[in-house]
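This is start31.cif (mmCIF, C-alpha atoms and all ligand atoms).
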```
data_query
loop_
_atom_site.group_PDB
_atom_site.id
_atom_site.type_symbol
_atom_site.label_atom_id
_atom_site.label_comp_id
_atom_site.auth_asym_id
_atom_site.auth_seq_id
_atom_site.Cartn_x
_atom_site.Cartn_y
_atom_site.Cartn_z
ATOM 1 C CA MET Z 1 0.000 0.000 0.000
ATOM 2 C CA SER Z 2 1.269 3.468 -0.770
ATOM 3 C CA ALA Z 3 -0.145 6.979 -0.734
ATOM 4 C CA GLY Z 4 -0.752 8.762 -4.003
ATOM 5 C CA LYS Z 5 -3.810 10.384 -5.513
ATOM 6 C CA LYS Z 6 -6.405 11.330 -2.932
ATOM 7 C CA VAL Z 7 -9.648 9.445 -3.531
ATOM 8 C CA GLY Z 8 -13.169 10.037 -2.237
ATOM 9 C CA VAL Z 9 -15.680 7.186 -2.360
ATOM 10 C CA LEU Z 10 -19.454 7.720 -2.472
ATOM 11 C CA ILE Z 11 -21.602 4.879 -1.138
ATOM 12 C CA SER Z 12 -25.179 4.117 -0.132
ATOM 13 C CA GLY Z 13 -24.928 0.578 1.243
ATOM 14 C CA ARG Z 14 -22.866 -2.346 2.434
ATOM 15 C CA GLY Z 15 -19.640 -1.154 0.776
ATOM 16 C CA SER Z 16 -18.052 -4.388 -0.411
ATOM 17 C CA ASN Z 17 -16.533 -2.536 -3.383
ATOM 18 C CA LEU Z 18 -15.295 0.115 -0.952
ATOM 19 C CA ALA Z 19 -13.579 -2.675 1.017
ATOM 20 C CA ALA Z 20 -11.938 -3.924 -2.199
ATOM 21 C CA LEU Z 21 -10.753 -0.397 -2.998
ATOM 22 C CA ILE Z 22 -9.310 -0.043 0.512
ATOM 23 C CA ALA Z 23 -7.534 -3.410 0.272
ATOM 24 C CA GLY Z 24 -6.179 -2.672 -3.211
ATOM 25 C CA ALA Z 25 -4.862 0.829 -2.488
ATOM 26 C CA ASP Z 26 -1.566 1.384 -4.278
ATOM 27 C CA GLY Z 27 -0.813 4.714 -5.912
ATOM 28 C CA TYR Z 28 -3.972 6.095 -4.361
ATOM 29 C CA GLU Z 29 -5.223 6.791 -0.859
ATOM 30 C CA ILE Z 30 -8.875 6.878 0.175
ATOM 31 C CA VAL Z 31 -9.210 10.019 2.288
ATOM 32 C CA LEU Z 32 -12.988 10.345 2.581
ATOM 33 C CA VAL Z 33 -16.056 8.108 2.341
ATOM 34 C CA ILE Z 34 -19.415 9.837 1.956
ATOM 35 C CA SER Z 35 -22.775 8.093 2.293
ATOM 36 C CA ASN Z 36 -26.175 9.588 1.564
ATOM 37 C CA VAL Z 37 -27.619 6.937 3.899
ATOM 38 C CA ALA Z 38 -26.930 7.081 7.646
ATOM 39 C CA GLY Z 39 -25.946 3.680 8.999
ATOM 40 C CA ALA Z 40 -24.722 2.325 5.642
ATOM 41 C CA GLY Z 41 -22.506 -0.702 6.299
ATOM 42 C CA GLY Z 42 -19.676 0.800 4.270
ATOM 43 C CA LEU Z 43 -19.297 3.601 6.819
ATOM 44 C CA THR Z 44 -18.248 1.057 9.454
ATOM 45 C CA ARG Z 45 -15.735 -0.496 7.064
ATOM 46 C CA ALA Z 46 -14.242 2.956 6.424
ATOM 47 C CA THR Z 47 -14.039 3.851 10.104
ATOM 48 C CA GLU Z 48 -12.370 0.520 10.884
ATOM 49 C CA ALA Z 49 -9.775 1.329 8.209
ATOM 50 C CA GLY Z 50 -9.149 4.747 9.799
ATOM 51 C CA ILE Z 51 -10.760 6.673 6.924
ATOM 52 C CA ALA Z 52 -12.793 9.846 7.527
ATOM 53 C CA THR Z 53 -16.510 9.515 6.841
ATOM 54 C CA ALA Z 54 -19.408 11.891 6.266
ATOM 55 C CA VAL Z 55 -23.146 11.360 5.978
ATOM 56 C CA ILE Z 56 -24.834 13.779 3.589
ATOM 57 C CA PRO Z 57 -28.555 12.948 3.330
ATOM 58 C CA HIS Z 58 -30.235 13.757 0.029
ATOM 59 C CA ASN Z 59 -33.765 13.992 1.430
ATOM 60 C CA GLY Z 60 -35.606 17.243 0.936
ATOM 61 C CA LYS Z 61 -32.854 18.779 -1.206
ATOM 62 C CA THR Z 62 -32.727 19.526 -4.890
ATOM 63 C CA ARG Z 63 -30.269 17.385 -6.829
ATOM 64 C CA GLU Z 64 -28.098 20.463 -7.381
ATOM 65 C CA ALA Z 65 -28.059 21.404 -3.681
ATOM 66 C CA PHE Z 66 -27.182 17.838 -2.658
ATOM 67 C CA ASP Z 67 -24.425 17.631 -5.259
ATOM 68 C CA ALA Z 68 -23.048 21.005 -4.139
ATOM 69 C CA GLU Z 69 -22.683 19.598 -0.615
ATOM 70 C CA LEU Z 70 -20.909 16.521 -1.944
ATOM 71 C CA ASP Z 71 -18.622 18.694 -4.033
ATOM 72 C CA ALA Z 72 -17.757 20.960 -1.105
ATOM 73 C CA ALA Z 73 -16.925 18.005 1.173
ATOM 74 C CA LEU Z 74 -14.774 16.353 -1.503
ATOM 75 C CA ARG Z 75 -12.877 19.559 -2.242
ATOM 76 C CA ALA Z 76 -12.381 20.324 1.472
ATOM 77 C CA ALA Z 77 -10.681 16.904 1.751
ATOM 78 C CA ARG Z 78 -8.554 17.731 -1.331
ATOM 79 C CA VAL Z 79 -9.971 14.749 -3.194
ATOM 80 C CA GLU Z 80 -8.566 14.292 -6.709
ATOM 81 C CA ILE Z 81 -10.530 11.232 -7.906
ATOM 82 C CA VAL Z 82 -14.096 10.258 -6.938
ATOM 83 C CA CYS Z 83 -15.312 6.640 -7.038
ATOM 84 C CA LEU Z 84 -18.989 5.734 -6.961
ATOM 85 C CA ALA Z 85 -19.335 2.373 -5.242
ATOM 86 C CA GLY Z 86 -22.956 1.335 -4.848
ATOM 87 C CA PHE Z 87 -23.992 4.997 -4.687
ATOM 88 C CA MET Z 88 -27.717 4.964 -5.415
ATOM 89 C CA ARG Z 89 -28.210 8.582 -6.489
ATOM 90 C CA ILE Z 90 -28.070 10.024 -9.974
ATOM 91 C CA LEU Z 91 -25.620 12.916 -10.048
ATOM 92 C CA SER Z 92 -26.393 16.207 -11.766
ATOM 93 C CA ASP Z 93 -24.870 17.042 -15.139
ATOM 94 C CA GLY Z 94 -22.951 19.851 -13.447
ATOM 95 C CA PHE Z 95 -21.307 17.494 -10.950
ATOM 96 C CA ALA Z 96 -20.406 15.014 -13.698
ATOM 97 C CA ARG Z 97 -18.877 17.791 -15.790
ATOM 98 C CA ALA Z 98 -16.998 19.326 -12.853
ATOM 99 C CA TRP Z 99 -15.327 15.962 -12.137
ATOM 100 C CA GLU Z 100 -14.973 14.850 -15.755
ATOM 101 C CA GLY Z 101 -12.129 12.357 -16.149
ATOM 102 C CA LYS Z 102 -11.855 12.060 -12.373
ATOM 103 C CA LEU Z 103 -15.179 10.366 -11.630
ATOM 104 C CA LEU Z 104 -15.487 6.566 -11.844
ATOM 105 C CA ASN Z 105 -18.378 4.157 -11.401
ATOM 106 C CA ILE Z 106 -18.719 0.382 -11.278
ATOM 107 C CA HIS Z 107 -21.717 -1.239 -12.914
ATOM 108 C CA PRO Z 108 -22.634 -4.937 -12.654
ATOM 109 C CA SER Z 109 -23.013 -5.672 -16.383
ATOM 110 C CA LEU Z 110 -20.959 -5.685 -19.547
ATOM 111 C CA LEU Z 111 -21.745 -2.120 -20.627
ATOM 112 C CA PRO Z 112 -23.203 -0.867 -22.902
ATOM 113 C CA ASP Z 113 -25.563 -3.803 -22.266
ATOM 114 C CA PHE Z 114 -27.959 -3.691 -19.308
ATOM 115 C CA LYS Z 115 -27.570 -0.104 -18.123
ATOM 116 C CA GLY Z 116 -29.723 1.019 -15.193
ATOM 117 C CA THR Z 117 -31.278 -1.023 -12.390
ATOM 118 C CA ARG Z 118 -32.538 -4.643 -11.948
ATOM 119 C CA VAL Z 119 -29.507 -5.677 -13.982
ATOM 120 C CA HIS Z 120 -29.237 -9.353 -12.990
ATOM 121 C CA GLU Z 121 -33.001 -9.942 -13.367
ATOM 122 C CA ARG Z 122 -32.895 -8.482 -16.868
ATOM 123 C CA VAL Z 123 -29.769 -10.479 -17.804
ATOM 124 C CA LEU Z 124 -31.537 -13.702 -16.784
ATOM 125 C CA GLU Z 125 -34.745 -12.700 -18.590
ATOM 126 C CA ALA Z 126 -32.710 -12.061 -21.752
ATOM 127 C CA GLY Z 127 -31.249 -15.577 -21.598
ATOM 128 C CA VAL Z 128 -27.688 -14.466 -22.433
ATOM 129 C CA GLY Z 129 -24.761 -16.750 -21.602
ATOM 130 C CA TYR Z 130 -22.492 -14.074 -20.174
ATOM 131 C CA SER Z 131 -22.699 -11.076 -17.948
ATOM 132 C CA GLY Z 132 -19.900 -9.203 -16.225
ATOM 133 C CA ALA Z 133 -18.757 -6.018 -14.570
ATOM 134 C CA SER Z 134 -17.610 -2.673 -15.967
ATOM 135 C CA VAL Z 135 -15.700 0.270 -14.531
ATOM 136 C CA HIS Z 136 -16.291 3.456 -16.496
ATOM 137 C CA PHE Z 137 -15.740 7.188 -16.415
ATOM 138 C CA VAL Z 138 -18.970 8.951 -15.461
ATOM 139 C CA VAL Z 139 -20.577 11.292 -17.981
ATOM 140 C CA PRO Z 140 -23.941 13.048 -17.575
ATOM 141 C CA GLU Z 141 -25.849 10.223 -19.332
ATOM 142 C CA LEU Z 142 -26.473 7.312 -16.920
ATOM 143 C CA ASP Z 143 -24.073 4.330 -17.260
ATOM 144 C CA ALA Z 144 -22.972 5.649 -20.658
ATOM 145 C CA GLY Z 145 -19.397 6.793 -19.944
ATOM 146 C CA PRO Z 146 -16.296 5.370 -21.602
ATOM 147 C CA VAL Z 147 -15.297 1.982 -20.187
ATOM 148 C CA ILE Z 148 -11.966 1.631 -18.383
ATOM 149 C CA ALA Z 149 -12.047 -2.099 -17.565
ATOM 150 C CA GLN Z 150 -14.430 -5.041 -17.916
ATOM 151 C CA GLU Z 151 -14.517 -8.642 -16.790
ATOM 152 C CA LYS Z 152 -16.784 -11.254 -18.324
ATOM 153 C CA VAL Z 153 -18.666 -13.638 -15.999
ATOM 154 C CA PRO Z 154 -20.579 -16.746 -17.149
ATOM 155 C CA VAL Z 155 -24.293 -17.135 -16.489
ATOM 156 C CA HIS Z 156 -24.948 -20.662 -15.215
ATOM 157 C CA PRO Z 157 -28.106 -22.708 -15.783
ATOM 158 C CA GLY Z 158 -30.370 -22.296 -12.762
ATOM 159 C CA ASP Z 159 -28.826 -18.963 -11.765
ATOM 160 C CA THR Z 160 -30.988 -16.663 -9.706
ATOM 161 C CA PRO Z 161 -30.460 -12.887 -9.619
ATOM 162 C CA GLU Z 162 -28.741 -13.460 -6.260
ATOM 163 C CA SER Z 163 -26.347 -16.195 -7.429
ATOM 164 C CA LEU Z 164 -25.441 -14.211 -10.542
ATOM 165 C CA ALA Z 165 -24.982 -11.022 -8.493
ATOM 166 C CA ALA Z 166 -22.591 -12.848 -6.159
ATOM 167 C CA ARG Z 167 -20.490 -14.144 -9.084
ATOM 168 C CA VAL Z 168 -20.402 -10.691 -10.718
ATOM 169 C CA LEU Z 169 -19.508 -9.082 -7.376
ATOM 170 C CA GLU Z 170 -16.332 -11.188 -7.142
ATOM 171 C CA ALA Z 171 -15.316 -9.791 -10.533
ATOM 172 C CA GLU Z 172 -16.179 -6.254 -9.391
ATOM 173 C CA HIS Z 173 -13.824 -6.606 -6.447
ATOM 174 C CA ARG Z 174 -10.933 -7.547 -8.762
ATOM 175 C CA LEU Z 175 -11.755 -4.959 -11.378
ATOM 176 C CA TYR Z 176 -12.380 -1.748 -9.436
ATOM 177 C CA PRO Z 177 -9.045 -1.456 -7.583
ATOM 178 C CA ALA Z 178 -7.136 -2.330 -10.771
ATOM 179 C CA ALA Z 179 -9.028 0.300 -12.790
ATOM 180 C CA LEU Z 180 -8.543 2.933 -10.079
ATOM 181 C CA ARG Z 181 -4.810 2.178 -9.903
ATOM 182 C CA ALA Z 182 -4.603 2.707 -13.685
ATOM 183 C CA VAL Z 183 -6.430 6.059 -13.483
ATOM 184 C CA ALA Z 184 -4.410 7.189 -10.437
ATOM 185 C CA ALA Z 185 -1.169 6.343 -12.253
ATOM 186 C CA GLY Z 186 -2.296 8.259 -15.340
ATOM 187 C CA ASP Z 187 -2.266 5.058 -17.410
ATOM 188 C CA ALA Z 188 -5.978 5.359 -18.253
ATOM 189 C CA LYS Z 189 -7.373 8.791 -19.115
ATOM 190 C CA LEU Z 190 -10.536 10.293 -20.516
ATOM 191 C CA GLU Z 191 -9.696 12.201 -23.696
ATOM 192 C CA ASN Z 192 -12.268 13.578 -26.150
ATOM 193 C CA GLY Z 193 -14.937 11.233 -24.839
ATOM 194 C CA LEU Z 194 -12.797 8.093 -25.067
ATOM 195 C CA THR Z 195 -10.675 6.166 -22.598
ATOM 196 C CA VAL Z 196 -7.043 6.324 -23.697
ATOM 197 C CA PHE Z 197 -4.490 3.897 -22.283
ATOM 198 C CA THR Z 198 -0.769 4.517 -21.912
ATOM 199 C CA ASP Z 199 1.553 1.551 -21.908
ATOM 200 C CA ARG Z 200 4.475 1.823 -19.578
HETATM 201 C C1 LIG H 1 -22.487 -3.420 -6.797
HETATM 202 O O1 LIG H 1 -22.990 -4.543 -7.456
HETATM 203 C C2 LIG H 1 -22.293 -2.288 -7.768
HETATM 204 O O2 LIG H 1 -21.884 -2.692 -9.026
HETATM 205 C C3 LIG H 1 -23.681 -1.712 -7.838
HETATM 206 O O3 LIG H 1 -24.164 -1.784 -6.523
HETATM 207 C C4 LIG H 1 -23.507 -2.838 -5.825
HETATM 208 C C5 LIG H 1 -22.862 -2.236 -4.616
HETATM 209 O O4 LIG H 1 -22.357 -3.218 -3.743
HETATM 210 N N1 LIG H 1 -23.655 -0.413 -8.419
HETATM 211 P P1 LIG H 1 -21.402 -2.789 -2.535
HETATM 212 O O5 LIG H 1 -22.130 -1.747 -1.719
HETATM 213 O O6 LIG H 1 -20.126 -2.285 -3.113
HETATM 214 O O7 LIG H 1 -21.216 -4.058 -1.765
#
```

Just dump the structure as structure tokens.
Ligand code: GRF
Amino acid sequence: MSAGKKVGVLISGRGSNLAALIAGADGYEIVLVISNVAGAGGLTRATEAGIATAVIPHNGKTREAFDAELDAALRAARVEIVCLAGFMRILSDGFARAWEGKLLNIHPSLLPDFKGTRVHERVLEAGVGYSGASVHFVVPELDAGPVIAQEKVPVHPGDTPESLAARVLEAEHRLYPAALRAVAAGDAKLENGLTVFTDR
């Protein structure tokens, strides 16, 4: 583990991807975890790892006002890269633009297939043989940003949304720290709407 780019992670829930990002920290340092949900399991994981946490509820606020609070907290902590990890709010266009190239998300499908919610249910309904996980740069359009890394995961006969989700989640935990290390090192960058990779 080594310090490097300062990372903020936004969560809403249990935070298993947050735990993978904490465990895989090399060339980046998670300095702040923000949850819009008080009592989210990920907050405990962060505290146990000695990482500062904040709860910023979204209730009763406009999207812009909520995002302005997120932005202020991230900038006060001198965050350079923001990772969405099970963060169940749609961010405003302004926030996405302000953090362009520095804002990452993980999605439990092989994008551009199966954007949005109820992913594993829809994968099973479609009868496809493979699913997977994708890490991408966030752009204003939901789940539409340029992909940084993907891992394919087989769909097994008899899979339920839960069994498929568990298999995809294992891939997510490998993929997200590796993708964040590449962005933190400057080896993967967003340029003119595309992800550009530098070989070292
Ligand atoms: C993950 O499957 C992620 O891809 C999706 O929400 C889930 C979050 O899980 N966006 P966790 O909170 O990281 O355990």

>> Distance limit 9 Å, reference ligand LIG 1 (chain H), atoms considered: all atoms listed in the file. Which residues make the cut? Give them as a PyMOL selection string.
In response: chain Z and resi 11-20+40-42+84-88+105-109+117+133-135+165-166+168-169+172-173

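Between atom CA of Z:Val82 and atom CA of Z:Val7 the separation is 5.7 Å.
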
>> For the provided coordinates, the residues matched by the PyMOL selection byres (((chain Z and resi 150) around 8) and not hetatm) should be stated as a ChimeraX atom specification.
In response: /Z:110,132-135,147-149,151-152,175

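Using all atoms listed in the file, the smallest distance between any of Z:Glu170, Z:Glu141, Z:Glu29, Z:Glu121 and Z:Cys83 comes from Z:Glu29.
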
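Taking atom CA of Z:Ala96 and atom CA of Z:Ala65 as endpoints, the distance between them is 14.1 Å.
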
>> Report, in Å to a single decimal, how far apart atom CA of Z:His58 and atom CA of Z:Asn36 are.
In response: 6.0 Å

>> I'd like to know which of Z:Val155, Z:Val119, Z:Val79, Z:Val128 is closest to Z:Asp143, using only C-alpha atoms.
In response: Z:Val119

>> I'd like the contact shell of Z:Trp99 - 12 Å cut-off, only C-alpha atoms, skipping same-chain residues fewer than 6 positions apart - returned as a ChimeraX atom specification.
In response: /Z:8,67,70-71,74-75,79-83,91-93,137-140,190

> Can you tell me, as a PyMOL selection string, what residues are no more than 8 Å from Z:Ile34 when counting all atoms listed in the file, ignoring any on the same chain fewer than 5 positions away?
Replying inline: chain Z and resi 8-11+43+53-56+70

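Counting all atoms listed in the file and comparing Z:Gly39, Z:Gly116, Z:Gly101, Z:Gly193, the residue that lies closest to Z:Leu142 is Z:Gly116.
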
Could you list, as a PDB file with C-alpha atoms, in the frame of the given file, every residue matched by the PyMOL selection byres (((chain Z and resi 27) around 10) and not hetatm) in this structure?
```
ATOM      1  CA  MET Z   1       0.000   0.000   0.000  1.00  0.00           C
ATOM      2  CA  SER Z   2       1.269   3.468  -0.770  1.00  0.00           C
ATOM      3  CA  ALA Z   3      -0.145   6.979  -0.734  1.00  0.00           C
ATOM      4  CA  GLY Z   4      -0.752   8.762  -4.003  1.00  0.00           C
ATOM      5  CA  LYS Z   5      -3.810  10.384  -5.513  1.00  0.00           C
ATOM      6  CA  LYS Z   6      -6.405  11.330  -2.932  1.00  0.00           C
ATOM      7  CA  GLY Z  24      -6.179  -2.672  -3.211  1.00  0.00           C
ATOM      8  CA  ALA Z  25      -4.862   0.829  -2.488  1.00  0.00           C
ATOM      9  CA  ASP Z  26      -1.566   1.384  -4.278  1.00  0.00           C
ATOM     10  CA  TYR Z  28      -3.972   6.095  -4.361  1.00  0.00           C
ATOM     11  CA  GLU Z  29      -5.223   6.791  -0.859  1.00  0.00           C
ATOM     12  CA  LEU Z 180      -8.543   2.933 -10.079  1.00  0.00           C
ATOM     13  CA  ARG Z 181      -4.810   2.178  -9.903  1.00  0.00           C
ATOM     14  CA  ALA Z 182      -4.603   2.707 -13.685  1.00  0.00           C
ATOM     15  CA  VAL Z 183      -6.430   6.059 -13.483  1.00  0.00           C
ATOM     16  CA  ALA Z 184      -4.410   7.189 -10.437  1.00  0.00           C
ATOM     17  CA  ALA Z 185      -1.169   6.343 -12.253  1.00  0.00           C
TER      18      ALA Z 185
END
```

Please enclose the listed atoms of stretch 81-89 of chain Z in an axis-aligned box, pad each side by 4 Å, and write out the centre and the three edge lengths in Å, rounded to one decimal, as AutoDock Vina command-line options.
```
--center_x -19.4 --center_y 6.3 --center_z -6.3 --size_x 25.7 --size_y 17.9 --size_z 11.2
```

> Looking at all atoms listed in the file, which of Z:Ala72, Z:Ala188, Z:Ala38, Z:Ala178 is the one that sits closest to Z:Leu21?
Replying inline: Z:Ala178

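Each of Z:Lys189, Z:Arg45, Z:His136, Z:Arg63 was checked against Z:Gly94 using only C-alpha atoms; the smallest atom-to-atom distance is that of Z:Arg63.
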